[in-house]
Structures are given as C-alpha cells and as structure tokens.
Protein chains: 2
Amino acid sequence: MKSSDRRNFLKNAIIGTVGLTATTSILAANESEIDFLSPKISINSLKNSNVILFQGDSITDAGRNREAKDPNIQNALGGGYAFLAAAELLNTFPTKNLKIFNKGISGNKVYQLSDRWQTDCLDLYPSVLSILIGVNDYWHKHNGNYDGTVEIYEKDLRALLKRTKDALPEVKLVICEPFAVLGCKAVDGTWFPEFDSYRASARKLSGEFDAIFIPYHDIFIKASKIAPPTYWTGDGVHPSVAGAKLMAEVWMKYVFGK
Amino acid sequence: MKSSDRRNFLKNAIIGTVGLTATTSILAANESEIDFLSPKISINSLKNSNVILFQGDSITDAGRNREAKDPNIQNALGGGYAFLAAAELLNTFPTKNLKIFNKGISGNKVYQLSDRWQTDCLDLYPSVLSILIGVNDYWHKHNGNYDGTVEIYEKDLRALLKRTKDALPEVKLVICEPFAVLGCKAVDGTWFPEFDSYRASARKLSGEFDAIFIPYHDIFIKASKIAPPTYWTGDGVHPSVAGAKLMAEVWMKYVFGK
C-alpha cells in the first residue's frame, strides 16, 4: 500500500466514510492540524489507573456536583464536554482503569485556577491535564467587572503552566482555545479583535509548553456554517448538547487520535 | 471492489481498525446481528424537526430534571445513555434539527408507562420511540414488592405497543432488552433463569411489532469479559458512565448504523 493510500485508508477508518456527516466534515477540514497519524498521546503510554483531569470555567464545570469527590461519576463530571469525553474514554479504554476528574468552576479566570491549583490539580497527580480557560478573563473585563488584560491572562497562565510542569514534569498538557461565537446573544462585534488576542496567547503558550492545542474557536466557526451558531451554543460562550458533544469528539481526535 | 471487500471496507470504516479497542471488539462480535449494511432506520427517512423519544425506568431517567420540558437540554435528558445517544445524534445530524426527549422515570414498570403514555409519549408524536422497560417488572417481584408475572409484563407491553402503533402508525420502534449482570451487588443467581423470560418476551415483542431489538443483556455479558462487571454497572442494573456510553454507542449502531 502506498503511503498516501495508507493515509487515506487510516483517515477513512478513523473519521468514517459512510454517510459523511457534517461533523466529519468539520474534522476533515482540520485534518492536517490534527495529524491523525501521530496523535500526541498514545493510549499505551498511560498506565493503569492514570488520572485525566479537566480544568476550567463554566464550560468545563457544566453543572457538576462539587461535593462529589470520586472519579468517573456522572454528577461529578457534570453534563458537558468533560463528561462526554470521559464517557468516551472509559468506554474506549476499559482495561486502563482510568480515573477521570472534572474540576472546572463556573466564572473562573486564570488567577482563580491558581488559587485552587494545589488541591484541584497538583494533589490529583494527573497524567493528562486539559485546561480550557480565558473567556471570563476577557468577558468580565468587557462587561466592566474585571480589570485584567490579555497580558495578565498570558502571564498568569504561563506561571500556572510552569508551576504545573515543575510539580508534575511528566504531565501531558492539553490547552483548549477559548472561543466566542458571533451571532449568539452574549457575543457581538465589540468582542473582536480583542478577544482574538486571548486565543493567540493560549496558542502561544501551548507551543511554549509542548501542549496539545485544540482550536475550539475555529471548530465552532466551521460548525456554524453547517447549522446556525445557536445550534452549537445558545449564548455564544456555553455549548449546547450538540456543541458539547462536538467539543468532546474533537478532544478525543486531537488528544488520542480516536 | 468485490462485495466482500466492500463489506470489509465498510465494516472497517464504521467500527475502526486502528488500535482496535475493547468496545469495537464487543460490537464486532455482534456484527451479523447489527447488520451494519442495512440499518433499520435511515437518517434520510427522518424529516426536519422529527422527535426521538427515550422511554423507560431509572436507567433511562438517569437523574433528569422532570420539570425541564424542552428537548435537547442536558438536564432534561439526564446523565445516562439517553443523553449520550442524544448528544451523538445532535452532533452527527446537525441539519436535521432533531427534537430529543427523555421521559424515563425511575422505578417504572410497564403498567406505569401505560398510565402516563398519552402525555409522555403519544402527545409528543415521536418518529422514533426507544423503550427500555422490564427490570423492575422482575426485580420488584423478586424482592416481594410486586405480584406481576412475566405473562403480565408481556401482555401489558404488547398492549402498550399496539396502542402506540394505532396512534402513531409511522413510528419506528426500538425495543431495548432488559439486562441484569451477575457479579454485581443487586444481582445474584436467584434472578435466573426467571429473569431470562422477561428478556425473551421483549425480544418476541420486537418481532411482533417490527421493532429494532437491542440485546443489551448480551452486550453487558460480553463487555464483562473485557473489564469486570462492576466496571460497566455498579449494582448489575444501573450502568456506570462506561456502561451508559457503551449503551449509547450500541444504540447508535443498531438504530442508525453509525
């Protein structure tokens, strides 16, 4: 089999060719970026009972019960992309005995992650740490409730990532791009181009820390060409069920190539 | 391409061949039954805004907010297989504008579905109706809290299905096999073989009403050879996150061939 044939075969095997769906179109458009043939994390590199941690704000939180401490429990994982990705991971890798936590908290900005990082991240010893943070760092400034800037966002996030790597040198990092979708009730043209600078900082830091970067903003923009923006996110910031599933699916492709 | 090659190609494209996982093994073992090449429901047969309804007991309910009336909302869909299947459907078919409801209620037996069928099923005009009912019809008898028999279960479920078909002649039915997994705290050897007669009734009725039948009991037994039974269901009746995702994945394969 020629290399290009093999590539197509693998691509077809992974993303499916039967009844090509909008979702696979969205993913296919990002194929070169995803690099299906070289997922950044091989499931074989994970040991039995390794911890996967989702961190972030309300998008990650998604209504989780913060009193529920055990991993792999639905109400502890919430009802968003973290739960959907966890369900996929637990079903796809049943022999790995993964321990999956969601510690997102609604409203959080980077400095609030820092305040609770020892307990809600380092003490859990994650093998894979996925962070989605930034929309509030901009949004709360935009609505006059916070005086942080993109420079503070980037500086705080860099410090948080350095602290994480110092404490957990082996951790595999996933940085999720903050996103904001025009055409929904909370997001209008006044967000741009300033909001883009937060996206750019997240991307830059993923390079500095050798993290997998998931370009969620672009993904939502592409998805919004197939169904209206509000199909994927009611307010432009919080995903619908469809949007959360899209995020989880994309997360699996970018992180594990599945 | 020869027919057999095409079949293998499609199979590979659908179930994936890269890093063959336990899940795909479970599905592959059921391949002939699923009949990947002839899904019973073509997505093309669904019209814009068609309704998909999940009905059943606590396994379907999965902690949903019963005050939430809108379709496609996470807390209205709960945190189980119905939500996970809904998320998959909404993401996979974004142009169909599907309306997905979960009306499962914890503890329900068939006669309790009948009591609320007009409001919680017929008035919603489902195009696809998926029913998972039966474990309580047996369990509550087994623990002495109900005097129904398998004959009553079958008679009541037949009447419910006939009533449904009379009111909604075009509805596509999905009957999910009740399941109970040995080796978990609520299920022991005293359940069998009597519980199997409930499974057999559900299967028989699926034939009578030309319904898609999903053999969940067998699926859980097969899954339990890959990871312990309690990985998939804590008590043998209620699925874990992994078990709920397995159910949703299998549902998609059997119902839409996806």
# chains A, B, ... in the order shown; residues from 1 in each chain; ligands from 1

call {"tool": "select_by_dssp", "arguments": {"residues": "region 65-165 of chain B", "states": "strand (DSSP E or B)", "output": "list in words"}}
result
Lys99, Ile100, Phe101, Asn102, Val128, Leu129, Ser130, Ile131 and Leu132 of chain B

call {"tool": "write_last_selection", "arguments": {"atoms": "N, CA and C atoms", "output": "PDB file, in the first residue's frame"}}
result
ATOM      1  N   LYS B  99     -35.545  16.797  17.617  1.00  0.00           N
ATOM      2  CA  LYS B  99     -36.037  17.152  18.957  1.00  0.00           C
ATOM      3  C   LYS B  99     -35.998  15.878  19.794  1.00  0.00           C
ATOM      4  N   ILE B 100     -35.125  15.857  20.776  1.00  0.00           N
ATOM      5  CA  ILE B 100     -34.910  14.617  21.523  1.00  0.00           C
ATOM      6  C   ILE B 100     -35.378  14.782  22.973  1.00  0.00           C
ATOM      7  N   PHE B 101     -36.223  13.828  23.376  1.00  0.00           N
ATOM      8  CA  PHE B 101     -36.777  13.846  24.732  1.00  0.00           C
ATOM      9  C   PHE B 101     -36.409  12.560  25.467  1.00  0.00           C
ATOM     10  N   ASN B 102     -36.246  12.697  26.771  1.00  0.00           N
ATOM     11  CA  ASN B 102     -36.130  11.551  27.662  1.00  0.00           C
ATOM     12  C   ASN B 102     -37.281  11.648  28.649  1.00  0.00           C
ATOM     13  N   VAL B 128     -39.246   8.309  16.228  1.00  0.00           N
ATOM     14  CA  VAL B 128     -38.508   7.150  16.725  1.00  0.00           C
ATOM     15  C   VAL B 128     -38.789   7.055  18.220  1.00  0.00           C
ATOM     16  N   LEU B 129     -39.238   5.879  18.650  1.00  0.00           N
ATOM     17  CA  LEU B 129     -39.536   5.649  20.061  1.00  0.00           C
ATOM     18  C   LEU B 129     -38.692   4.479  20.548  1.00  0.00           C
ATOM     19  N   SER B 130     -37.872   4.740  21.546  1.00  0.00           N
ATOM     20  CA  SER B 130     -36.995   3.708  22.110  1.00  0.00           C
ATOM     21  C   SER B 130     -37.451   3.413  23.534  1.00  0.00           C
ATOM     22  N   ILE B 131     -37.734   2.138  23.811  1.00  0.00           N
ATOM     23  CA  ILE B 131     -38.258   1.742  25.128  1.00  0.00           C
ATOM     24  C   ILE B 131     -37.316   0.733  25.777  1.00  0.00           C
ATOM     25  N   LEU B 132     -36.947   1.037  27.014  1.00  0.00           N
ATOM     26  CA  LEU B 132     -36.194   0.076  27.825  1.00  0.00           C
ATOM     27  C   LEU B 132     -36.978  -0.125  29.115  1.00  0.00           C
TER      28      LEU B 132
END

call {"tool": "calpha_fit_rmsd", "arguments": {"fixed": "chain B", "moving": "chain A"}}
result
0.1 Å

call {"tool": "residues_around", "arguments": {"residues": "region 55-60 of chain B", "least_positions_apart": "2", "cutoff": "7 Å", "atoms": "only C-alpha atoms", "output": "NGL selection string"}}
result
:B and (53 or 62 or 80-82 or 102-108 or 130-133 or 238)

call {"tool": "residues_around", "arguments": {"residues": "Ala200 (chain B)", "least_positions_apart": "2", "cutoff": "12 Å", "atoms": "only C-alpha atoms", "output": "compact mmCIF listing (two decimals) with C-alpha atoms, in the first residue's frame"}}
result
# COMPACT_ATOMS: atom_id res chain seq x y z
CA GLY B 134 -38.69 -4.72 32.35
CA VAL B 150 -43.75 -12.36 33.06
CA GLU B 151 -47.13 -13.05 31.45
CA TYR B 153 -45.21 -7.98 31.58
CA GLU B 154 -45.63 -9.38 28.10
CA ILE B 175 -37.08 -2.19 22.00
CA CYS B 176 -34.12 -2.44 24.33
CA GLU B 177 -33.55 -5.73 26.10
CA PRO B 178 -33.76 -5.56 29.90
CA PHE B 179 -30.46 -6.64 31.42
CA PRO B 193 -33.47 -18.32 34.70
CA GLU B 194 -36.68 -16.41 35.52
CA PHE B 195 -35.25 -13.03 34.51
CA ASP B 196 -34.36 -14.51 31.12
CA SER B 197 -38.06 -14.99 30.40
CA TYR B 198 -38.55 -11.21 30.56
CA ALA B 202 -39.07 -8.27 24.98
CA ARG B 203 -37.34 -9.97 22.06
CA LYS B 204 -40.54 -11.72 20.98
CA LEU B 205 -42.50 -8.47 21.01
CA SER B 206 -39.85 -6.72 18.94
CA GLY B 207 -40.54 -9.32 16.26
CA PHE B 213 -34.15 -5.04 19.12
CA PRO B 215 -29.65 -7.14 23.00
CA HIS B 217 -28.02 -8.20 28.21

call {"tool": "atom_distance", "arguments": {"atom1": "CA of Gly243 (chain A)", "atom2": "CA of Gln74 (chain B)"}}
result
11.4 Å

call {"tool": "closest_residue", "arguments": {"among": "B:Phe83, B:Tyr254, B:Phe54, B:Phe192", "to": "chain A", "atoms": "only C-alpha atoms"}}
result
B:Phe83

call {"tool": "atom_distance", "arguments": {"atom1": "CA of Pro126 (chain B)", "atom2": "CA of Gly257 (chain B)"}}
result
19.6 Å

call {"tool": "closest_residue", "arguments": {"among": "A:Ile221, A:Ala227, A:Leu182, A:Cys121", "to": "chain B", "atoms": "only C-alpha atoms"}}
result
A:Ala227

call {"tool": "atom_distance", "arguments": {"atom1": "CA of Gln112 (chain A)", "atom2": "CA of Leu46 (chain A)"}}
result
29.1 Å

call {"tool": "residues_around", "arguments": {"residues": "Arg163 (chain A)", "least_positions_apart": "5", "cutoff": "10 Å", "atoms": "only C-alpha atoms", "output": "number ranges by chain"}}
result
A: 114, 117-118, 122, 157-158, 168-169

call {"tool": "residues_around", "arguments": {"residues": "Leu89 (chain B)", "least_positions_apart": "4", "cutoff": "9 Å", "atoms": "only C-alpha atoms", "output": "number ranges by chain"}}
result
A: 242; B: 84-85, 93-94, 98, 100, 252

call {"tool": "closest_residue", "arguments": {"among": "B:Lys185, B:Lys172, B:Arg66, B:Lys96", "to": "chain A", "atoms": "only C-alpha atoms"}}
result
B:Lys96
